[in-house]
>>> print(open('data_12.cif').read())   # mmCIF, C-alpha atoms
data_entry
loop_
_atom_site.label_atom_id
_atom_site.label_comp_id
_atom_site.auth_asym_id
_atom_site.auth_seq_id
_atom_site.Cartn_x
_atom_site.Cartn_y
_atom_site.Cartn_z
CA MET F 1164 -2.59 -17.22 -7.39
CA ARG F 1165 -2.74 -18.35 -3.75
CA VAL F 1166 -3.95 -15.91 -1.10
CA VAL F 1167 -4.10 -15.82 2.70
CA VAL F 1168 -6.78 -13.53 4.14
CA ALA F 1169 -6.71 -12.23 7.71
CA GLU F 1170 -9.77 -10.33 8.99
CA ASP F 1171 -11.44 -10.73 12.37
CA LEU F 1172 -14.93 -9.64 11.31
CA PHE F 1173 -16.79 -12.62 9.84
CA LEU F 1174 -18.87 -10.78 7.24
CA ILE F 1175 -15.93 -8.80 5.90
CA ARG F 1176 -13.73 -11.90 5.84
CA GLU F 1177 -16.33 -13.86 3.90
CA ALA F 1178 -16.83 -10.99 1.47
CA LEU F 1179 -13.09 -10.82 0.80
CA VAL F 1180 -12.91 -14.56 0.21
CA ARG F 1181 -15.87 -14.43 -2.16
CA MET F 1182 -14.50 -11.52 -4.19
CA LEU F 1183 -11.07 -13.09 -4.51
CA THR F 1184 -12.47 -16.50 -5.47
CA GLU F 1185 -14.81 -15.02 -8.07
CA HIS F 1186 -11.85 -13.29 -9.72
CA GLY F 1187 -9.68 -16.37 -10.05
CA PHE F 1188 -7.66 -16.31 -6.84
CA THR F 1189 -7.31 -19.37 -4.62
CA VAL F 1190 -7.83 -18.54 -0.95
CA VAL F 1191 -5.71 -21.11 0.87
CA ALA F 1192 -6.53 -19.78 4.35
CA ALA F 1193 -8.93 -17.25 5.86
CA VAL F 1194 -8.11 -16.54 9.51
CA ASP F 1195 -9.36 -14.22 12.22
CA ASN F 1196 -6.40 -13.80 14.60
CA GLY F 1197 -2.67 -13.12 14.71
CA PRO F 1198 -1.34 -16.57 15.70
CA SER F 1199 -3.42 -18.24 12.99
CA LEU F 1200 -2.10 -15.75 10.45
CA HIS F 1201 1.51 -16.51 11.40
CA LYS F 1202 0.82 -20.23 10.98
CA ALA F 1203 -1.00 -19.83 7.67
CA LEU F 1204 1.78 -17.70 6.19
CA ALA F 1205 4.43 -20.21 7.27
CA ASP F 1206 2.51 -23.35 6.29
CA GLU F 1207 0.85 -22.23 3.06
CA GLN F 1208 3.59 -20.01 1.60
CA PRO F 1209 0.97 -17.98 -0.32
CA ASP F 1210 1.63 -15.64 -3.24
CA ILE F 1211 0.05 -12.70 -1.41
CA ALA F 1212 -1.51 -11.86 1.96
CA VAL F 1213 -4.50 -9.56 2.46
CA VAL F 1214 -4.47 -8.56 6.13
CA ASP F 1215 -6.20 -6.32 8.60
CA VAL F 1216 -3.83 -4.40 10.86
CA ARG F 1217 -5.65 -5.04 14.13
CA LEU F 1218 -6.37 -8.67 14.92
CA PRO F 1219 -6.99 -10.68 18.10
CA PRO F 1220 -5.71 -11.33 20.63
CA SER F 1221 -4.24 -7.86 21.20
CA PHE F 1222 -6.21 -5.85 18.59
CA THR F 1223 -3.14 -3.64 18.12
CA ASP F 1224 -0.82 -4.54 15.27
CA GLU F 1225 -1.09 -8.33 15.16
CA GLY F 1226 -1.87 -8.49 11.45
CA LEU F 1227 0.82 -6.12 10.29
CA GLN F 1228 3.51 -7.63 12.49
CA ALA F 1229 2.75 -11.04 10.99
CA ALA F 1230 3.01 -9.57 7.51
CA ILE F 1231 6.28 -7.79 8.29
CA HIS F 1232 7.69 -11.02 9.74
CA ALA F 1233 6.70 -12.86 6.56
CA ARG F 1234 8.47 -10.22 4.43
CA ARG F 1235 11.61 -10.63 6.50
CA GLN F 1236 11.50 -14.35 5.83
CA ARG F 1237 10.58 -13.82 2.16
CA PRO F 1238 11.88 -10.43 0.96
CA GLY F 1239 9.38 -8.84 -1.39
CA PHE F 1240 6.49 -11.04 -0.27
CA PRO F 1241 3.34 -9.18 -1.45
CA VAL F 1242 1.16 -7.74 1.31
CA LEU F 1243 -2.03 -5.73 0.95
CA VAL F 1244 -3.06 -4.10 4.23
CA LEU F 1245 -6.68 -3.18 4.95
CA SER F 1246 -7.35 -0.84 7.84
CA GLN F 1247 -9.92 1.54 9.23
CA TYR F 1248 -7.18 4.01 10.11
CA VAL F 1249 -4.03 5.54 8.67
CA GLU F 1250 -1.47 3.88 10.92
CA GLN F 1251 1.57 5.98 10.01
CA LEU F 1252 4.07 4.01 12.07
CA TYR F 1253 2.86 0.73 10.60
CA ALA F 1254 2.82 2.06 7.05
CA ARG F 1255 6.39 3.32 7.41
CA GLU F 1256 7.56 -0.02 8.79
CA LEU F 1257 5.92 -1.93 5.98
CA LEU F 1258 7.52 0.34 3.37
CA ALA F 1259 10.89 0.47 5.07
CA ASP F 1260 12.61 -2.19 2.96
CA GLY F 1261 11.81 -0.29 -0.25
CA ILE F 1262 11.27 -3.54 -2.16
CA GLY F 1263 7.69 -2.95 -3.24
CA ALA F 1264 4.76 -5.35 -3.53
CA VAL F 1265 2.95 -3.38 -0.82
CA GLY F 1266 -0.53 -1.94 -0.58
CA TYR F 1267 -2.37 -0.01 2.11
CA LEU F 1268 -6.08 0.62 1.65
CA LEU F 1269 -8.62 2.16 4.00
CA LYS F 1270 -11.65 -0.07 4.32
CA ASP F 1271 -14.27 2.65 4.11
CA ARG F 1272 -12.70 4.07 0.93
CA VAL F 1273 -12.76 0.89 -1.13
CA SER F 1274 -15.81 1.74 -3.20
CA ASN F 1275 -16.15 -1.28 -5.50
CA THR F 1276 -14.90 -4.78 -6.29
CA GLU F 1277 -12.85 -3.65 -9.28
CA GLN F 1278 -10.85 -1.22 -7.13
CA PHE F 1279 -10.06 -3.92 -4.59
CA ILE F 1280 -9.16 -6.61 -7.13
CA SER F 1281 -7.01 -4.15 -9.08
CA ALA F 1282 -5.09 -3.38 -5.89
CA VAL F 1283 -4.59 -7.08 -5.14
CA GLU F 1284 -3.33 -7.75 -8.65
CA SER F 1285 -0.99 -4.75 -8.60
CA VAL F 1286 0.59 -5.74 -5.28
CA ALA F 1287 0.78 -9.41 -6.25
CA HIS F 1288 2.83 -8.46 -9.30
CA GLY F 1289 5.26 -6.31 -7.34
CA GLY F 1290 3.49 -2.96 -7.59
CA THR F 1291 2.03 -0.62 -5.01
CA ALA F 1292 -1.54 0.28 -4.11
CA MET F 1293 -1.58 3.14 -1.65
CA ASP F 1294 -4.72 4.99 -0.65
CA PRO F 1295 -4.26 8.73 -1.32
CA HIS F 1296 -5.12 9.49 2.32
CA VAL F 1297 -2.30 7.22 3.47
CA VAL F 1298 0.08 8.95 1.08
CA ALA F 1299 -1.07 12.36 2.30
CA LYS F 1300 -0.30 11.33 5.88
CA LEU F 1301 3.18 10.18 4.89
CA LEU F 1302 3.78 13.42 3.01
CA THR F 1303 2.79 15.55 6.01
CA ARG F 1304 4.69 13.72 8.74
CA GLY F 1305 6.90 16.00 10.77
CA ASP F 1306 10.20 14.77 9.35
CA ALA F 1307 8.82 14.57 5.83
CA ARG F 1308 7.68 18.19 5.82
CA GLY F 1309 11.25 19.42 5.84
CA ARG F 1310 11.94 17.45 2.69
CA THR F 1311 8.87 18.57 0.77
CA THR F 1312 8.55 22.24 1.71
CA GLU F 1313 10.34 23.26 -1.46
CA LEU F 1314 7.73 21.55 -3.63
CA SER F 1315 5.08 23.70 -5.24
CA HIS F 1316 1.41 22.94 -4.72
CA ARG F 1317 1.21 21.37 -8.17
CA GLU F 1318 4.33 19.29 -7.55
CA ARG F 1319 2.78 17.96 -4.34
CA GLU F 1320 -0.36 17.02 -6.26
CA VAL F 1321 1.74 15.19 -8.84
CA LEU F 1322 3.79 13.48 -6.13
CA SER F 1323 0.66 12.21 -4.41
CA LEU F 1324 -0.59 10.75 -7.69
CA ILE F 1325 2.81 9.18 -8.42
CA ALA F 1326 2.75 7.56 -5.00
CA VAL F 1327 -0.59 5.88 -5.63
CA GLY F 1328 0.71 4.41 -8.87
CA ARG F 1329 -0.68 6.77 -11.51
CA SER F 1330 1.08 6.86 -14.88
CA ASN F 1331 2.12 10.16 -16.43
CA ALA F 1332 -0.84 10.01 -18.80
CA ALA F 1333 -3.26 9.36 -15.93
CA ILE F 1334 -1.81 12.26 -13.95
CA ALA F 1335 -2.18 14.57 -16.94
CA ARG F 1336 -5.83 13.56 -17.36
CA GLN F 1337 -6.66 13.92 -13.67
CA LEU F 1338 -5.01 17.32 -13.28
CA THR F 1339 -6.07 18.52 -16.75
CA ILE F 1340 -2.54 19.42 -17.80
CA SER F 1341 -0.33 18.31 -20.67
CA ALA F 1342 1.90 15.26 -20.59
CA SER F 1343 4.94 17.49 -21.04
CA ALA F 1344 3.89 19.51 -17.99
CA VAL F 1345 3.70 16.32 -15.95
CA THR F 1346 7.20 15.35 -17.07
CA LYS F 1347 8.47 18.78 -16.08
CA HIS F 1348 6.84 18.59 -12.63
CA ILE F 1349 8.28 15.11 -12.05
CA ALA F 1350 11.76 16.32 -12.96
CA GLY F 1351 11.32 19.16 -10.47
CA ILE F 1352 10.14 16.79 -7.74
CA PHE F 1353 13.08 14.43 -8.10
CA GLY F 1354 15.49 17.33 -8.30
CA LYS F 1355 14.21 18.93 -5.11
CA LEU F 1356 14.08 15.61 -3.26
CA HIS F 1357 17.51 14.59 -4.59
CA LEU F 1358 16.12 11.40 -6.10
CA PRO F 1359 17.30 9.91 -9.41
CA GLU F 1360 14.77 9.91 -12.21
CA SER F 1361 13.52 6.56 -13.52
CA GLU F 1362 11.42 5.47 -16.46
CA ASP F 1363 9.98 2.66 -14.33
CA ASP F 1364 6.77 3.89 -12.66
CA ASN F 1365 7.02 1.26 -9.94
CA ARG F 1366 10.59 2.09 -8.98
CA ARG F 1367 9.68 5.76 -9.08
CA VAL F 1368 6.83 5.25 -6.61
CA LEU F 1369 9.00 3.17 -4.31
CA ALA F 1370 11.81 5.69 -4.40
CA VAL F 1371 9.49 8.49 -3.33
CA LEU F 1372 7.90 6.45 -0.56
CA ALA F 1373 11.23 5.06 0.65
CA TYR F 1374 12.70 8.56 0.81
CA LEU F 1375 9.75 9.96 2.75
CA ASN F 1376 9.95 6.96 5.05
CA GLN F 1377 13.57 7.52 6.12
#
>>> encode(input="data_12.cif", output="structure tokens")
Amino acid sequence: MRVVVAEDLFLIREALVRMLTEHGFTVVAAVDNGPSLHKALADEQPDIAVVDVRLPPSFTDEGLQAAIHARRQRPGFPVLVLSQYVEQLYARELLADGIGAVGYLLKDRVSNTEQFISAVESVAHGGTAMDPHVVAKLLTRGDARGRTTELSHREREVLSLIAVGRSNAAIARQLTISASAVTKHIAGIFGKLHLPESEDDNRRVLAVLAYLNQ
């Protein structure tokens, strides 16, 4: 699987390249600025991009804008964003198409190689990999609050775990409740948010995020 990496800090960029290479990925470009990222995405046509939000020359949203542009050219193109901050506006824009193959991780919360590689693999195969803190921010945005105020505390816990890609069994284990209780909470969530139920975990996650992103 071919990867483009965009990170302006040399040590972090090299660490990303090394981890990806050691786990069977082919890094076709590793760049440190926005214009180079645009060029690499256009020239290399990678299978996935791992990008920092803030890149030179502006250090604002260079990385994410390049990724969003690539997804407009190639709908569903997998993008895993790495950031030091929860950029709510950027996260919403990245999720806006509702197609999937999107991840958003906070750099200081990636605790080990396995977590990072698992996120890359999930996004590359059309899944999602959202840091719980990012999800929490999306759930507590001003316009999202009105849509989630009817949810119980437990339903909000379940929704947060759904949004980061947990299966029903994993949710049950984490919250120490039965699988049937998880199913009941999920039914309640989709009912209150007026979202159709789905047996597909990935579509379910995307539906929740897309709705909160409207």
>>> resolve_selection(input="data_12.cif", expression="the PyMOL selection byres ((chain F and resi 1243) around 9)", output="list in words")
Ile1211, Ala1212, Val1213, Val1214, Asp1215, Pro1241, Val1242, Val1244, Leu1245, Ala1264, Val1265, Gly1266, Tyr1267, Leu1268, Ala1282, Val1283, Val1286, Ala1287, Thr1291 and Ala1292 of chain F
>>> residues_near_point(input="data_12.cif", point="(-0.2, -19.1, -0.3)", cutoff="9 Å", atoms="only C-alpha atoms", output="ChimeraX atom specification")
/F:1164-1167,1189-1192,1203-1212
>>> residues_near_point(input="data_12.cif", point="(1.3, -13.7, 19.0)", cutoff="12 Å", atoms="only C-alpha atoms", output="number ranges by chain")
F: 1196-1202, 1218-1229, 1232
>>> axis_aligned_box(input="data_12.cif", around="segment 1279-1285 of chain F", padding_each_side="3 Å", output="lines of an AutoDock Vina configuration file")
center_x = -5.5
center_y = -5.6
center_z = -6.8
size_x = 15.1
size_y = 10.4
size_z = 10.5
>>> residues_around(input="data_12.cif", residues="Leu1179 of chain F", least_positions_apart="3", cutoff="10 Å", atoms="all atoms listed in the file", output="list in words")
Val1168, Ala1169, Glu1170, Phe1173, Leu1174, Ile1175, Arg1176, Met1182, Leu1183, Thr1184, Glu1185, Val1190, Ala1193, Val1213, Thr1276, Phe1279 and Ile1280 of chain F
>>> closest_residue(input="data_12.cif", among="F:His1288, F:Arg1181, F:Arg1217, F:His1348", to="Leu1322 of chain F", atoms="only C-alpha atoms")
F:His1348
